[in-house]
Amino acid sequence: SRRVHSKLDHACSTAVALAQLALYSGDRVGLLAYGQGIQQRLLPGRGSDHLRQLIELLAQVKSESSEADHLRATAVLSRLQPRRSLILWITDLAETAMRPEVIEGAVQLLRRHVLLFVAMAQPEVELIARARPKNVEQMFRSAAAQEMAGRREILLARLHEQGALTLDLNPEALTTSVLNQYLTVKERAMV
């Protein structure tokens, strides 16, 4: 569906914008894109050829409807990037992503890295959760949406407790917020 692609587009353009800013600031950048398996990977590097490669790899990333393997991705990332770094983790927390794997993966990463965890908001779920139900079916939908929103809040709160920087954002606000967070991390010399 178009909405899924637009979220992926926002995530990819944010990754490119951050890569450009980081490279301009003298940092090295890498990439790991995953779903059920690892889709694309690029070891940290510098320079315009490296940026071009990152953009080409991002262009090949496909959205998947099935649940992503978060633990495999964080294990691979820990292996590929042993040096302390800022990790930007952008995900669309679907209904099933409230599982503890996300927390476990984040805890693994936080042992060594600074983690900026970005959950893309689901305005459609929030609308259903807030609407006043007119019949039994709408009541069940509303209850399910409220439960999803609640689980998402708990997940983000847990990640925050573990020491992650967390953002819950509409896709349109992604790039600006992520770049500001990167600048804050640099300013505070957290990495």
# chains A, B, ... in the order shown; residues from 1 in each chain; ligands from 1
>>> closest_atom_pairs(of="segment 95-169 of chain A", to="segment 11-25 of chain A", cutoff="12 Å", atoms="only C-alpha atoms", output="tab-separated table")
residue	atom	partner	partner_atom	distance
A:Val118	CA	A:Ala11	CA	9.6
A:Ala119	CA	A:Ala11	CA	10.3
A:Met120	CA	A:Ala11	CA	8.8
A:Leu169	CA	A:Ala11	CA	11.2
>>> select_by_dssp(residues="segment 68-140 of chain A", states="strand (DSSP E)", output="list in words")
Leu86, Ile87, Leu88, Trp89, Ile90, Thr91, Val114, Leu115, Leu116, Phe117, Val118, Ala119 and Met120 of chain A
>>> atom_distance(atom1="atom CA of Leu167 of chain A", atom2="atom CA of Leu116 of chain A")
7.7 Å
>>> residues_around(residues="segment 48-56 of chain A", least_positions_apart="2", cutoff="8 Å", atoms="only C-alpha atoms", output="ChimeraX atom specification")
/A:16,19-20,30-31,42,45-46,58-60
>>> closest_residue(among="A:Leu32, A:Val185, A:Ala144, A:Ala75", to="Val107 of chain A", atoms="only C-alpha atoms")
A:Ala75
>>> residues_around(residues="Pro82 of chain A", least_positions_apart="5", cutoff="10 Å", atoms="only C-alpha atoms", output="JSON, numbers by chain")
{"A": [77, 109, 112, 113]}
>>> select_by_dssp(residues="chain A", states="alpha helix (DSSP H)", output="JSON, numbers by chain")
{"A": [2, 3, 4, 5, 6, 7, 8, 9, 10, 11, 12, 13, 14, 15, 16, 17, 18, 19, 20, 21, 22, 23, 24, 48, 49, 50, 51, 52, 53, 54, 55, 56, 57, 58, 59, 70, 71, 72, 73, 74, 75, 76, 77, 78, 79, 80, 101, 102, 103, 104, 105, 106, 107, 108, 109, 110, 123, 124, 125, 126, 127, 128, 129, 130, 136, 137, 138, 139, 140, 141, 142, 143, 144, 145, 146, 147, 148, 149, 150, 151, 152, 153, 154, 155, 156, 157, 158, 159, 160, 161, 174, 175, 176, 177, 178, 179, 180, 181, 182, 183, 184, 185, 186, 187]}
>>> atom_distance(atom1="atom CA of Ala121 of chain A", atom2="atom CA of Asp168 of chain A")
5.9 Å
>>> residues_around(residues="Gln39 of chain A", least_positions_apart="4", cutoff="10 Å", atoms="only C-alpha atoms", output="PyMOL selection string")
chain A and resi 32-35+57-58+60-62+73
>>> write_last_selection(atoms="C-alpha atoms", output="PDB file, in the first residue's frame")
ATOM      1  CA  LEU A  32      21.916  -1.749   8.111  1.00  0.00           C
ATOM      2  CA  ALA A  33      18.443  -2.215   6.613  1.00  0.00           C
ATOM      3  CA  TYR A  34      16.465  -5.269   7.658  1.00  0.00           C
ATOM      4  CA  GLY A  35      13.136  -7.024   7.646  1.00  0.00           C
ATOM      5  CA  LEU A  57      21.538   0.595  -1.215  1.00  0.00           C
ATOM      6  CA  LEU A  58      18.653   2.502   0.400  1.00  0.00           C
ATOM      7  CA  GLN A  60      16.799  -1.122  -3.003  1.00  0.00           C
ATOM      8  CA  VAL A  61      15.199  -1.473   0.446  1.00  0.00           C
ATOM      9  CA  LYS A  62      11.697  -2.952   0.309  1.00  0.00           C
ATOM     10  CA  ALA A  73      19.551  -7.180  13.127  1.00  0.00           C
TER      11      ALA A  73
END
>>> decode(residues="segment 134-151 of chain A", atoms="N, CA, C and O atoms", output="compact mmCIF listing (two decimals), in the first residue's frame")
# COMPACT_ATOMS: atom_id res chain seq x y z
N LYS A 134 -19.79 4.12 17.84
CA LYS A 134 -21.24 4.24 17.63
C LYS A 134 -21.93 2.88 17.68
O LYS A 134 -23.14 2.79 17.75
N ASN A 135 -21.14 1.79 17.58
CA ASN A 135 -21.73 0.44 17.65
C ASN A 135 -20.71 -0.52 18.25
O ASN A 135 -19.59 -0.13 18.56
N VAL A 136 -21.10 -1.76 18.39
CA VAL A 136 -20.25 -2.76 19.05
C VAL A 136 -18.94 -2.98 18.28
O VAL A 136 -17.87 -3.03 18.87
N GLU A 137 -19.04 -3.07 16.96
CA GLU A 137 -17.83 -3.29 16.14
C GLU A 137 -16.83 -2.15 16.35
O GLU A 137 -15.64 -2.38 16.55
N GLN A 138 -17.34 -0.92 16.32
CA GLN A 138 -16.46 0.24 16.53
C GLN A 138 -15.88 0.24 17.95
O GLN A 138 -14.76 0.67 18.17
N MET A 139 -16.66 -0.26 18.90
CA MET A 139 -16.20 -0.34 20.28
C MET A 139 -14.98 -1.27 20.38
O MET A 139 -13.99 -0.95 21.02
N PHE A 140 -15.08 -2.43 19.71
CA PHE A 140 -13.96 -3.38 19.72
C PHE A 140 -12.74 -2.79 19.01
O PHE A 140 -11.62 -2.93 19.49
N ARG A 141 -12.97 -2.14 17.88
CA ARG A 141 -11.86 -1.52 17.13
C ARG A 141 -11.19 -0.46 17.98
O ARG A 141 -9.97 -0.35 18.03
N SER A 142 -12.00 0.34 18.66
CA SER A 142 -11.49 1.41 19.52
C SER A 142 -10.66 0.83 20.66
O SER A 142 -9.57 1.31 20.98
N ALA A 143 -11.18 -0.24 21.29
CA ALA A 143 -10.47 -0.89 22.40
C ALA A 143 -9.13 -1.45 21.92
O ALA A 143 -8.11 -1.31 22.60
N ALA A 144 -9.13 -2.08 20.73
CA ALA A 144 -7.89 -2.65 20.17
C ALA A 144 -6.87 -1.55 19.87
O ALA A 144 -5.68 -1.68 20.16
N ALA A 145 -7.36 -0.44 19.31
CA ALA A 145 -6.47 0.68 18.99
C ALA A 145 -5.88 1.30 20.26
O ALA A 145 -4.71 1.64 20.31
N GLN A 146 -6.71 1.42 21.29
CA GLN A 146 -6.23 1.96 22.57
C GLN A 146 -5.17 1.05 23.17
O GLN A 146 -4.16 1.52 23.71
N GLU A 147 -5.39 -0.26 23.05
CA GLU A 147 -4.41 -1.22 23.58
C GLU A 147 -3.08 -1.10 22.82
O GLU A 147 -2.01 -1.09 23.42
N MET A 148 -3.16 -0.98 21.49
CA MET A 148 -1.94 -0.82 20.68
C MET A 148 -1.19 0.44 21.07
O MET A 148 0.02 0.42 21.25
N ALA A 149 -1.93 1.54 21.21
CA ALA A 149 -1.31 2.82 21.56
C ALA A 149 -0.66 2.72 22.94
O ALA A 149 0.45 3.21 23.17
N GLY A 150 -1.34 2.04 23.86
CA GLY A 150 -0.81 1.87 25.22
C GLY A 150 0.44 1.03 25.24
O GLY A 150 1.42 1.37 25.92
N ARG A 151 0.44 -0.06 24.47
CA ARG A 151 1.63 -0.95 24.43
C ARG A 151 2.82 -0.22 23.83
O ARG A 151 3.95 -0.38 24.25
